[in-house]
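*Asks:* Next comes the structure file upload.cif, holding mmCIF, C-alpha atoms.
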data_query
#
loop_
_atom_site.group_PDB
_atom_site.id
_atom_site.type_symbol
_atom_site.label_atom_id
_atom_site.label_comp_id
_atom_site.auth_asym_id
_atom_site.auth_seq_id
_atom_site.Cartn_x
_atom_site.Cartn_y
_atom_site.Cartn_z
ATOM 1 C CA MET A 1 39.319 -93.609 -253.260
ATOM 2 C CA ILE A 2 41.441 -95.196 -250.522
ATOM 3 C CA ILE A 3 43.150 -91.828 -249.979
ATOM 4 C CA LEU A 4 39.815 -90.055 -249.599
ATOM 5 C CA ASN A 5 38.423 -92.717 -247.272
ATOM 6 C CA SER A 6 41.565 -93.042 -245.127
ATOM 7 C CA LEU A 7 43.008 -89.518 -244.919
ATOM 8 C CA PHE A 8 40.106 -87.101 -245.449
ATOM 9 C CA PRO A 9 38.463 -87.801 -242.028
ATOM 10 C CA ILE A 10 41.804 -87.367 -240.261
ATOM 11 C CA PHE A 11 42.710 -84.027 -241.797
ATOM 12 C CA ILE A 12 39.122 -82.773 -241.417
ATOM 13 C CA LEU A 13 39.381 -83.408 -237.656
ATOM 14 C CA LEU A 14 42.796 -81.703 -237.541
ATOM 15 C CA LEU A 15 41.277 -78.698 -239.338
ATOM 16 C CA LEU A 16 38.271 -78.785 -237.018
ATOM 17 C CA GLY A 17 40.605 -78.671 -234.027
ATOM 18 C CA ARG A 18 42.292 -75.582 -235.455
ATOM 19 C CA VAL A 19 38.968 -73.875 -236.238
ATOM 20 C CA LEU A 20 37.505 -74.596 -232.797
ATOM 21 C CA HIS A 21 40.605 -73.112 -231.167
ATOM 22 C CA LYS A 22 40.475 -70.089 -233.482
ATOM 23 C CA TRP A 23 36.838 -69.482 -232.544
ATOM 24 C CA GLY A 24 37.626 -69.745 -228.847
ATOM 25 C CA LEU A 25 35.577 -72.913 -228.300
ATOM 26 C CA THR A 26 38.732 -74.607 -227.023
ATOM 27 C CA ASP A 27 41.555 -72.960 -225.108
ATOM 28 C CA SER A 28 45.038 -73.827 -223.859
ATOM 29 C CA LEU A 29 43.696 -75.316 -220.617
ATOM 30 C CA PHE A 30 41.301 -77.587 -222.517
ATOM 31 C CA LEU A 31 44.064 -78.735 -224.885
ATOM 32 C CA ARG A 32 46.472 -79.493 -222.013
ATOM 33 C CA THR A 33 43.771 -81.415 -220.154
ATOM 34 C CA SER A 34 42.676 -83.385 -223.223
ATOM 35 C CA ASP A 35 46.311 -84.210 -224.024
ATOM 36 C CA ARG A 36 46.748 -85.680 -220.549
ATOM 37 C CA LEU A 37 43.489 -87.656 -220.781
ATOM 38 C CA ILE A 38 44.448 -89.033 -224.195
ATOM 39 C CA TYR A 39 48.026 -89.857 -223.265
ATOM 40 C CA TYR A 40 47.441 -91.368 -219.839
ATOM 41 C CA PHE A 41 44.037 -93.005 -220.258
ATOM 42 C CA PHE A 42 42.058 -93.064 -223.516
ATOM 43 C CA PHE A 43 44.837 -94.074 -225.912
ATOM 44 C CA PRO A 44 46.436 -96.750 -223.703
ATOM 45 C CA VAL A 45 42.970 -98.277 -223.168
ATOM 46 C CA MET A 46 42.285 -98.258 -226.919
ATOM 47 C CA LEU A 47 45.672 -99.851 -227.715
ATOM 48 C CA PHE A 48 45.087 -102.507 -225.043
ATOM 49 C CA TRP A 49 41.634 -103.266 -226.465
ATOM 50 C CA LYS A 50 42.639 -103.382 -230.132
ATOM 51 C CA ILE A 51 45.800 -105.417 -229.574
ATOM 52 C CA GLY A 52 44.216 -107.617 -226.904
ATOM 53 C CA SER A 53 41.441 -108.512 -229.364
ATOM 54 C CA ALA A 54 43.917 -109.498 -232.100
ATOM 55 C CA SER A 55 45.111 -113.035 -232.723
ATOM 56 C CA PHE A 56 48.799 -113.870 -232.290
ATOM 57 C CA GLU A 57 48.484 -117.528 -233.224
ATOM 58 C CA GLN A 58 51.147 -117.105 -235.909
ATOM 59 C CA GLY A 59 53.462 -115.310 -233.505
ATOM 60 C CA ILE A 60 55.259 -111.983 -234.013
ATOM 61 C CA ASP A 61 56.605 -111.170 -237.469
ATOM 62 C CA TRP A 62 60.222 -110.566 -236.455
ATOM 63 C CA ASP A 63 61.385 -109.734 -240.002
ATOM 64 C CA PHE A 64 58.881 -106.871 -240.061
ATOM 65 C CA CYS A 65 60.003 -105.637 -236.633
ATOM 66 C CA VAL A 66 63.745 -105.853 -237.349
ATOM 67 C CA ALA A 67 63.400 -104.139 -240.737
ATOM 68 C CA SER A 68 61.372 -101.278 -239.214
ATOM 69 C CA LEU A 69 63.782 -100.768 -236.315
ATOM 70 C CA LEU A 70 66.821 -100.861 -238.625
ATOM 71 C CA ALA A 71 65.213 -98.096 -240.692
ATOM 72 C CA LEU A 72 64.823 -95.963 -237.553
ATOM 73 C CA LEU A 73 68.410 -96.695 -236.483
ATOM 74 C CA THR A 74 69.684 -95.710 -239.932
ATOM 75 C CA MET A 75 67.733 -92.443 -239.846
ATOM 76 C CA PHE A 76 69.125 -91.655 -236.394
ATOM 77 C CA GLY A 77 72.620 -92.019 -237.866
ATOM 78 C CA ILE A 78 71.739 -89.888 -240.900
ATOM 79 C CA SER A 79 70.168 -87.143 -238.780
ATOM 80 C CA THR A 80 73.269 -87.027 -236.565
ATOM 81 C CA LEU A 81 75.475 -86.780 -239.669
ATOM 82 C CA VAL A 82 73.290 -83.978 -241.067
ATOM 83 C CA ILE A 83 73.644 -82.080 -237.786
ATOM 84 C CA ARG A 84 77.423 -82.175 -238.266
ATOM 85 C CA LEU A 85 77.443 -81.419 -242.005
ATOM 86 C CA PHE A 86 74.963 -78.535 -241.846
ATOM 87 C CA HIS A 87 76.437 -77.139 -238.609
ATOM 88 C CA VAL A 88 73.135 -77.337 -236.734
ATOM 89 C CA SER A 89 73.641 -75.622 -233.385
ATOM 90 C CA SER A 90 73.734 -77.627 -230.151
ATOM 91 C CA PHE A 91 70.572 -75.813 -229.040
ATOM 92 C CA GLN A 92 68.699 -76.999 -232.146
ATOM 93 C CA ALA A 93 70.297 -80.446 -232.539
ATOM 94 C CA GLY A 94 67.974 -82.393 -230.240
ATOM 95 C CA SER A 95 64.789 -80.948 -231.709
ATOM 96 C CA PHE A 96 66.025 -81.447 -235.267
ATOM 97 C CA SER A 97 67.088 -85.045 -234.674
ATOM 98 C CA GLN A 98 63.761 -86.051 -233.094
ATOM 99 C CA SER A 99 61.871 -84.451 -235.993
ATOM 100 C CA CYS A 100 63.561 -86.910 -238.371
ATOM 101 C CA TYR A 101 62.324 -90.130 -236.761
ATOM 102 C CA ARG A 102 59.812 -89.504 -233.957
ATOM 103 C CA PHE A 103 56.298 -90.393 -235.158
ATOM 104 C CA ASN A 104 52.772 -89.282 -234.282
ATOM 105 C CA THR A 105 51.108 -92.378 -232.806
ATOM 106 C CA TYR A 106 47.609 -90.854 -232.819
ATOM 107 C CA ILE A 107 47.594 -90.105 -236.543
ATOM 108 C CA GLY A 108 49.172 -93.514 -237.146
ATOM 109 C CA VAL A 109 46.354 -95.347 -235.379
ATOM 110 C CA ALA A 110 43.739 -93.312 -237.272
ATOM 111 C CA VAL A 111 45.301 -94.063 -240.680
ATOM 112 C CA ILE A 112 45.845 -97.758 -239.897
ATOM 113 C CA LEU A 113 42.292 -98.291 -238.635
ATOM 114 C CA ASN A 114 40.763 -96.466 -241.603
ATOM 115 C CA SER A 115 42.843 -98.314 -244.217
ATOM 116 C CA LEU A 116 43.760 -101.720 -242.729
ATOM 117 C CA GLY A 117 41.439 -102.301 -239.770
ATOM 118 C CA THR A 118 42.141 -104.493 -236.756
ATOM 119 C CA GLU A 119 44.643 -106.692 -238.614
ATOM 120 C CA GLY A 120 46.757 -103.633 -239.318
ATOM 121 C CA MET A 121 46.434 -102.453 -235.722
ATOM 122 C CA LYS A 122 47.942 -105.713 -234.503
ATOM 123 C CA TYR A 123 51.153 -105.059 -236.423
ATOM 124 C CA PHE A 124 51.144 -101.356 -235.602
ATOM 125 C CA GLY A 125 50.773 -102.056 -231.893
ATOM 126 C CA ILE A 126 53.690 -104.475 -231.981
ATOM 127 C CA ILE A 127 56.042 -102.136 -233.820
ATOM 128 C CA ILE A 128 55.312 -99.080 -231.669
ATOM 129 C CA GLY A 129 55.860 -101.254 -228.587
ATOM 130 C CA PHE A 130 59.424 -101.787 -229.814
ATOM 131 C CA ALA A 131 59.964 -98.415 -231.506
ATOM 132 C CA ILE A 132 58.954 -96.052 -228.686
ATOM 133 C CA PRO A 133 61.646 -97.328 -226.278
ATOM 134 C CA LEU A 134 64.293 -97.227 -229.033
ATOM 135 C CA ILE A 135 63.335 -93.702 -230.077
ATOM 136 C CA ASN A 136 63.419 -92.493 -226.482
ATOM 137 C CA VAL A 137 66.958 -93.853 -226.150
ATOM 138 C CA PHE A 138 67.945 -92.018 -229.361
ATOM 139 C CA ALA A 139 66.317 -88.741 -228.318
ATOM 140 C CA VAL A 140 67.514 -88.599 -224.714
ATOM 141 C CA SER A 141 71.054 -89.656 -225.633
ATOM 142 C CA LEU A 142 71.399 -86.996 -228.327
ATOM 143 C CA LEU A 143 69.766 -84.262 -226.240
ATOM 144 C CA ILE A 144 72.204 -85.005 -223.410
ATOM 145 C CA TRP A 145 75.165 -85.179 -225.810
ATOM 146 C CA PHE A 146 74.463 -81.707 -227.210
ATOM 147 C CA SER A 147 73.370 -80.178 -223.917
ATOM 148 C CA GLY A 148 76.942 -79.289 -222.962
ATOM 149 C CA ARG A 149 76.418 -80.819 -219.512
ATOM 150 C CA GLU A 150 78.574 -83.560 -218.096
ATOM 151 C CA ILE A 151 76.103 -86.300 -217.212
ATOM 152 C CA GLY A 152 77.327 -89.693 -216.075
ATOM 153 C CA ILE A 153 76.199 -92.965 -217.574
ATOM 154 C CA ARG A 154 74.014 -93.776 -214.554
ATOM 155 C CA ARG A 155 72.195 -90.465 -214.894
ATOM 156 C CA ARG A 156 71.648 -91.104 -218.609
ATOM 157 C CA ILE A 157 70.269 -94.569 -217.929
ATOM 158 C CA SER A 158 68.047 -93.168 -215.179
ATOM 159 C CA ILE A 159 66.560 -90.436 -217.430
ATOM 160 C CA THR A 160 65.967 -92.866 -220.284
ATOM 161 C CA GLY A 161 64.594 -95.560 -217.982
ATOM 162 C CA ARG A 162 62.055 -93.195 -216.412
ATOM 163 C CA ALA A 163 60.925 -92.073 -219.866
ATOM 164 C CA LEU A 164 60.288 -95.703 -220.845
ATOM 165 C CA VAL A 165 58.663 -97.237 -217.765
ATOM 166 C CA SER A 166 56.325 -94.266 -217.366
ATOM 167 C CA ASN A 167 55.145 -94.297 -221.011
ATOM 168 C CA PRO A 168 51.447 -95.298 -220.985
ATOM 169 C CA LEU A 169 51.442 -96.151 -224.712
ATOM 170 C CA ILE A 170 54.179 -98.759 -224.242
ATOM 171 C CA LEU A 171 52.344 -100.183 -221.224
ATOM 172 C CA GLY A 172 49.072 -100.336 -223.180
ATOM 173 C CA CYS A 173 50.731 -102.186 -226.081
ATOM 174 C CA LEU A 174 52.563 -104.649 -223.834
ATOM 175 C CA ALA A 175 49.427 -105.312 -221.773
ATOM 176 C CA GLY A 176 47.445 -105.922 -224.975
ATOM 177 C CA ILE A 177 50.019 -108.368 -226.349
ATOM 178 C CA ALA A 178 50.192 -110.214 -223.018
ATOM 179 C CA TYR A 179 46.388 -110.410 -222.751
ATOM 180 C CA SER A 180 46.016 -111.697 -226.302
ATOM 181 C CA ARG A 181 48.689 -114.357 -225.831
ATOM 182 C CA LEU A 182 47.531 -115.511 -222.374
ATOM 183 C CA ILE A 183 43.745 -115.089 -222.513
ATOM 184 C CA GLY A 184 42.486 -113.745 -225.845
ATOM 185 C CA GLY A 185 39.094 -112.240 -226.526
ATOM 186 C CA PHE A 186 36.927 -110.124 -224.212
ATOM 187 C CA PRO A 187 33.506 -110.910 -222.729
ATOM 188 C CA VAL A 188 30.829 -108.969 -224.589
ATOM 189 C CA PHE A 189 30.125 -106.523 -221.741
ATOM 190 C CA ILE A 190 33.865 -105.759 -221.337
ATOM 191 C CA ASN A 191 34.346 -105.493 -225.094
ATOM 192 C CA ASN A 192 31.420 -103.053 -225.401
ATOM 193 C CA SER A 193 32.732 -100.954 -222.495
ATOM 194 C CA LEU A 194 36.234 -100.745 -223.993
ATOM 195 C CA SER A 195 34.698 -99.946 -227.380
ATOM 196 C CA LEU A 196 32.794 -96.968 -225.952
ATOM 197 C CA ILE A 197 35.882 -95.681 -224.144
ATOM 198 C CA SER A 198 37.978 -96.041 -227.304
ATOM 199 C CA MET A 199 35.484 -94.092 -229.401
ATOM 200 C CA VAL A 200 36.589 -90.951 -227.587
ATOM 201 C CA SER A 201 40.299 -91.463 -228.277
ATOM 202 C CA LEU A 202 40.852 -90.679 -231.948
ATOM 203 C CA PRO A 203 38.471 -87.707 -232.413
ATOM 204 C CA LEU A 204 39.696 -86.051 -229.225
ATOM 205 C CA ALA A 205 43.355 -86.717 -230.091
ATOM 206 C CA LEU A 206 43.062 -85.297 -233.620
ATOM 207 C CA ILE A 207 41.078 -82.243 -232.493
ATOM 208 C CA SER A 208 43.677 -81.647 -229.767
ATOM 209 C CA ILE A 209 46.549 -81.917 -232.263
ATOM 210 C CA GLY A 210 44.802 -79.517 -234.649
ATOM 211 C CA GLY A 211 44.136 -77.022 -231.886
ATOM 212 C CA SER A 212 47.773 -77.142 -230.756
ATOM 213 C CA LEU A 213 49.249 -76.462 -234.191
ATOM 214 C CA SER A 214 50.808 -73.001 -234.328
ATOM 215 C CA PHE A 215 52.256 -71.405 -237.454
ATOM 216 C CA ALA A 216 53.956 -68.587 -235.545
ATOM 217 C CA GLY A 217 57.481 -70.072 -235.544
ATOM 218 C CA VAL A 218 57.444 -71.789 -238.953
ATOM 219 C CA LYS A 219 58.789 -68.865 -240.978
ATOM 220 C CA GLY A 220 61.862 -68.348 -238.780
ATOM 221 C CA ASN A 221 62.673 -72.073 -238.763
ATOM 222 C CA LEU A 222 61.587 -72.985 -242.283
ATOM 223 C CA PRO A 223 64.923 -74.310 -243.685
ATOM 224 C CA LEU A 224 65.672 -76.744 -240.847
ATOM 225 C CA SER A 225 62.060 -77.801 -240.295
ATOM 226 C CA PHE A 226 61.645 -78.435 -244.038
ATOM 227 C CA LEU A 227 64.861 -80.464 -244.136
ATOM 228 C CA ALA A 228 63.676 -82.512 -241.150
ATOM 229 C CA SER A 229 60.316 -83.087 -242.872
ATOM 230 C CA ILE A 230 62.038 -84.307 -246.053
ATOM 231 C CA LEU A 231 64.129 -86.757 -244.027
ATOM 232 C CA LYS A 232 61.086 -87.923 -242.026
ATOM 233 C CA LEU A 233 58.507 -88.187 -244.819
ATOM 234 C CA ILE A 234 60.607 -89.170 -247.856
ATOM 235 C CA VAL A 235 64.048 -90.474 -246.888
ATOM 236 C CA LEU A 236 62.935 -92.603 -243.914
ATOM 237 C CA PRO A 237 60.180 -94.430 -245.865
ATOM 238 C CA GLY A 238 62.685 -94.965 -248.691
ATOM 239 C CA ILE A 239 65.125 -96.568 -246.261
ATOM 240 C CA GLY A 240 62.278 -98.644 -244.842
ATOM 241 C CA TRP A 241 61.296 -99.882 -248.305
ATOM 242 C CA LEU A 242 64.867 -101.090 -248.857
ATOM 243 C CA PHE A 243 64.911 -102.976 -245.544
ATOM 244 C CA PHE A 244 61.441 -104.453 -246.133
ATOM 245 C CA SER A 245 62.624 -105.680 -249.534
ATOM 246 C CA LEU A 246 65.799 -107.110 -247.988
ATOM 247 C CA PHE A 247 63.813 -108.981 -245.318
ATOM 248 C CA ALA A 248 61.063 -110.005 -247.788
ATOM 249 C CA VAL A 249 58.315 -108.251 -245.810
ATOM 250 C CA THR A 250 55.083 -108.186 -247.823
ATOM 251 C CA GLY A 251 51.307 -107.903 -247.424
ATOM 252 C CA VAL A 252 49.757 -106.191 -244.405
ATOM 253 C CA PRO A 253 53.072 -105.925 -242.462
ATOM 254 C CA PHE A 254 54.649 -104.094 -245.420
ATOM 255 C CA LYS A 255 51.715 -101.659 -245.658
ATOM 256 C CA VAL A 256 51.737 -101.031 -241.901
ATOM 257 C CA GLY A 257 55.503 -100.526 -241.918
ATOM 258 C CA MET A 258 55.387 -97.999 -244.751
ATOM 259 C CA ILE A 259 52.561 -96.034 -243.098
ATOM 260 C CA PHE A 260 54.451 -96.163 -239.778
ATOM 261 C CA LEU A 261 57.617 -94.725 -241.344
ATOM 262 C CA THR A 262 55.687 -92.006 -243.217
ATOM 263 C CA LEU A 263 53.886 -90.531 -240.212
ATOM 264 C CA PRO A 264 54.444 -86.861 -239.306
ATOM 265 C CA ALA A 265 56.602 -85.807 -236.386
ATOM 266 C CA SER A 266 55.190 -86.352 -232.904
ATOM 267 C CA THR A 267 54.026 -83.560 -230.599
ATOM 268 C CA ALA A 268 56.164 -85.268 -227.927
ATOM 269 C CA ILE A 269 59.180 -83.606 -229.562
ATOM 270 C CA TYR A 270 58.089 -80.259 -228.131
ATOM 271 C CA VAL A 271 57.652 -81.658 -224.619
ATOM 272 C CA LEU A 272 61.036 -83.401 -224.453
ATOM 273 C CA SER A 273 62.845 -80.454 -226.085
ATOM 274 C CA SER A 274 61.343 -78.152 -223.467
ATOM 275 C CA GLN A 275 62.376 -80.450 -220.611
ATOM 276 C CA MET A 276 65.946 -80.833 -221.863
ATOM 277 C CA ASN A 277 66.695 -77.285 -223.027
ATOM 278 C CA SER A 278 66.469 -77.680 -226.788
ATOM 279 C CA ASP A 279 64.815 -75.410 -229.392
ATOM 280 C CA THR A 280 61.047 -75.640 -228.864
ATOM 281 C CA GLU A 281 60.304 -73.207 -231.721
ATOM 282 C CA LEU A 282 62.101 -75.497 -234.183
ATOM 283 C CA ALA A 283 60.254 -78.476 -232.675
ATOM 284 C CA SER A 284 56.909 -76.725 -233.129
ATOM 285 C CA ALA A 285 57.731 -75.715 -236.711
ATOM 286 C CA ALA A 286 58.780 -79.267 -237.627
ATOM 287 C CA ILE A 287 55.575 -80.700 -236.138
ATOM 288 C CA VAL A 288 53.349 -78.267 -238.077
ATOM 289 C CA LEU A 289 55.197 -78.632 -241.387
ATOM 290 C CA SER A 290 55.505 -82.424 -241.278
ATOM 291 C CA THR A 291 51.816 -82.760 -240.320
ATOM 292 C CA LEU A 292 50.746 -80.712 -243.349
ATOM 293 C CA LEU A 293 53.157 -82.410 -245.772
ATOM 294 C CA SER A 294 52.313 -85.896 -244.483
ATOM 295 C CA PHE A 295 49.064 -85.748 -246.477
ATOM 296 C CA PHE A 296 51.123 -86.187 -249.661
ATOM 297 C CA SER A 297 53.539 -88.811 -248.318
ATOM 298 C CA LEU A 298 50.751 -90.873 -246.737
ATOM 299 C CA SER A 299 48.697 -90.596 -249.939
ATOM 300 C CA PHE A 300 51.605 -92.021 -251.920
ATOM 301 C CA VAL A 301 52.145 -94.881 -249.467
ATOM 302 C CA LEU A 302 48.445 -95.790 -249.418
ATOM 303 C CA LEU A 303 48.578 -96.203 -253.209
ATOM 304 C CA LEU A 304 51.431 -98.737 -253.007
#
What is this structure when it is put down as structure tokens?

*Replies:*
Amino acid sequence: MIILNSLFPIFILLLLGRVLHKWGLTDSLFLRTSDRLIYYFFFPVMLFWKIGSASFEQGIDWDFCVASLLALLTMFGISTLVIRLFHVSSFQAGSFSQSCYRFNTYIGVAVILNSLGTEGMKYFGIIIGFAIPLINVFAVSLLIWFSGREIGIRRRISITGRALVSNPLILGCLAGIAYSRLIGGFPVFINNSLSLISMVSLPLALISIGGSLSFAGVKGNLPLSFLASILKLIVLPGIGWLFFSLFAVTGVPFKVGMIFLTLPASTAIYVLSSQMNSDTELASAAIVLSTLLSFFSLSFVLLL
């Protein structure tokens, strides 16, 4: 029943997004505009509200954070090794690597809220606040490495730094943590206002993701996108489980961590691949395939 209650609404909205786009009720302009609204306003506000409302009296669970980040670091190493062993081209390397560890924050928030509520969101907000900067460092570094261009260390730091300080999701998480630690709790009229704003976030994000999914390039990129999905949805959670066991992470943090590591690939892969001259068709195929297959991996994790 937990699978039905937690995942069915999410995948129904993804399907609805696809159907609305197919029927012409949404178009490319609408999807681009909604993506910008979600990324720059609605989602950061929701993260700030949810995390700012949470209690941090017991502090941050550092074992949970370290175990999760070590799992991501390990997968970055594995994906780089796979690129070498399977002779993935330089043009495809950046897109492939990101598909193995970059996660869809929107689907993550939806699953966490449906299954674990505000308590789960507290841990999820903390871990994505640490993980997004780390993943950006991984992605930009590898994209530059395989770009064939000679870029100095200052230029690399500059590109990565801009990607981090301009990320609204990181800013929303950090602002929420700071507010909770320094002030805590919202006046009723502010809380109700933020609640109304946040109601828009998840439905619009999921419909936008569904409308953006394209199956056109999956067939031509099936082997690599499937391999990336296996690494993202099966191998990465397996590595995470080992680290959580090693660090004795249990309870809600364990559940949040396993859901976090089992999320499908992020749509941000396509954007960064496009900006840094990597294979956008492979990126798109990996996003579509991992999103579809994540129903099974997330179902398994929710039963743990």

*Asks:* Write out as a list in words which residues come within 12 Å of Gly184 in chain A when counting all atoms listed in the file, dropping same-chain ones fewer than 4 positions away.

*Replies:* Phe48, Trp49, Lys50, Ile51, Gly52, Ser53, Ala54, Ser55, Phe56, Glu57, Ala175, Gly176, Ile177, Ala178, Tyr179, Ser180 and Asn191 of chain A

*Asks:* Go through A:Leu20, A:Val256, A:Val218, A:Leu182 and flag the residue nearest Met121 in chain A, using only C-alpha atoms for the distances.

*Replies:*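 Closest residue, counting only C-alpha atoms: A:Val256.
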
*Asks:* Could you work out how far CA of Ala93 in chain A lies from CA of Gly240 in chain A, giving the answer in Å with one decimal?

*Replies:*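 Straight-line distance from CA of Gly240 in chain A to CA of Ala93 in chain A works out to 23.4 Å.
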
*Asks:* Return the single residue from A:Leu263, A:Val140, A:Leu289, A:Met258 that is closest to Phe103 in chain A, with distances computed using only C-alpha atoms.

*Replies:*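 Nearest to Phe103 in chain A: A:Leu263.
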
*Asks:* Identify which of the residues A:Leu14, A:Leu47, A:Val88, A:Gly211 lies closest to Thr118 in chain A, counting all atoms listed in the file when measuring atom-to-atom distances.

*Replies:* A:Leu47

*Asks:* Return as a ChimeraX atom specification the set of residues that the PyMOL selection byres ((chain A and resi 293) around 10) yields on the displayed structure.

*Replies:* /A:226,229-230,233,263-264,288-292,294-298

*Asks:* When the PyMOL selection byres ((chain A and resi 68) around 9) is applied to the file above, which residues end up in the set, as a PyMOL selection string?

*Replies:* chain A and resi 63-67+69-73+127+131+240+243-244+257-258+260-261

*Asks:* Write the residues of the preceding selection, restricted to C-alpha atoms, as a PDB file, in the coordinates of the input.

*Replies:*
ATOM      1  CA  ASP A  63      61.385-109.734-240.002  1.00  0.00           C
ATOM      2  CA  PHE A  64      58.881-106.871-240.061  1.00  0.00           C
ATOM      3  CA  CYS A  65      60.003-105.637-236.633  1.00  0.00           C
ATOM      4  CA  VAL A  66      63.745-105.853-237.349  1.00  0.00           C
ATOM      5  CA  ALA A  67      63.400-104.139-240.737  1.00  0.00           C
ATOM      6  CA  LEU A  69      63.782-100.768-236.315  1.00  0.00           C
ATOM      7  CA  LEU A  70      66.821-100.861-238.625  1.00  0.00           C
ATOM      8  CA  ALA A  71      65.213 -98.096-240.692  1.00  0.00           C
ATOM      9  CA  LEU A  72      64.823 -95.963-237.553  1.00  0.00           C
ATOM     10  CA  LEU A  73      68.410 -96.695-236.483  1.00  0.00           C
ATOM     11  CA  ILE A 127      56.042-102.136-233.820  1.00  0.00           C
ATOM     12  CA  ALA A 131      59.964 -98.415-231.506  1.00  0.00           C
ATOM     13  CA  GLY A 240      62.278 -98.644-244.842  1.00  0.00           C
ATOM     14  CA  PHE A 243      64.911-102.976-245.544  1.00  0.00           C
ATOM     15  CA  PHE A 244      61.441-104.453-246.133  1.00  0.00           C
ATOM     16  CA  GLY A 257      55.503-100.526-241.918  1.00  0.00           C
ATOM     17  CA  MET A 258      55.387 -97.999-244.751  1.00  0.00           C
ATOM     18  CA  PHE A 260      54.451 -96.163-239.778  1.00  0.00           C
ATOM     19  CA  LEU A 261      57.617 -94.725-241.344  1.00  0.00           C
TER      20      LEU A 261
END

*Asks:* Quick one: pull the distance between CA of Ala139 in chain A and CA of Ile170 in chain A, Å, one decimal.

*Replies:*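 Taking CA of Ala139 in chain A as the start and CA of Ile170 in chain A as the end point, the length is 16.3 Å.
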
*Asks:* Applied to this file, what does the PyMOL selection byres ((chain A and resi 16-18) around 8) return in terms of residues, put as a VMD selection string?

*Replies:* chain A and resid 12 to 15 19 to 22 206 to 213

*Asks:* Please check which residues have atoms at most 6 Å from (57.1, -74.1, -237.7) in the file's coordinates, counting all atoms listed in the file, and write them as an NGL selection string.

*Replies:* :A and (215 or 217-218 or 284-286 or 288)

*Asks:* Report, in Å with one decimal, the straight-line distance from CA of Phe96 in chain A to CA of Arg84 in chain A.

*Replies:*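 Interatomic distance here is 11.8 Å.
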
*Asks:* With 6 Å on each side, where is the centre of the axis-aligned box around all listed atoms of range 59-65 of chain A, and how long are its edges in Å to one decimal, as lines of an AutoDock Vina configuration file?

*Replies:*
center_x = 57.4
center_y = -110.5
center_z = -236.8
size_x = 19.9
size_y = 21.7
size_z = 18.6

*Asks:* Give me, as an MDAnalysis selection string, all polymer residues having an atom no more than 12 Å from Leu116 in chain A, counting only C-alpha atoms and skipping those fewer than 5 positions away in the same chain.

*Replies:* chainID A and resid 2 5:6 108:111 121:124 251:257 259 302

*Asks:* Could you check the closest approach to Ser201 in chain A for each of A:Leu227, A:Ile38, A:Leu4, A:Leu303 and tell me which residue wins, using all atoms listed in the file?

*Replies:*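 Smallest distance to Ser201 in chain A is found for A:Ile38.
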
*Asks:* Counting only C-alpha atoms, find residues at most 12 Å from (57.4, -79.5, -226.3) (file frame) and give them as number ranges by chain.

*Replies:* A: 32, 94-95, 98-99, 212-213, 265-287

*Asks:* Name the closest residue to Gly129 in chain A among the candidates A:Pro203, A:Pro9, A:Pro44, A:Gly117; distances are taken between atoms, counting all atoms listed in the file.

*Replies:*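 Checking each candidate against Gly129 in chain A, we get A:Pro44 as the closest.
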
*Asks:* Nearest to Leu169 in chain A: which of A:Ala216, A:Leu134, A:Ile128, A:Ile107 is it, counting all atoms listed in the file?

*Replies:* A:Ile128
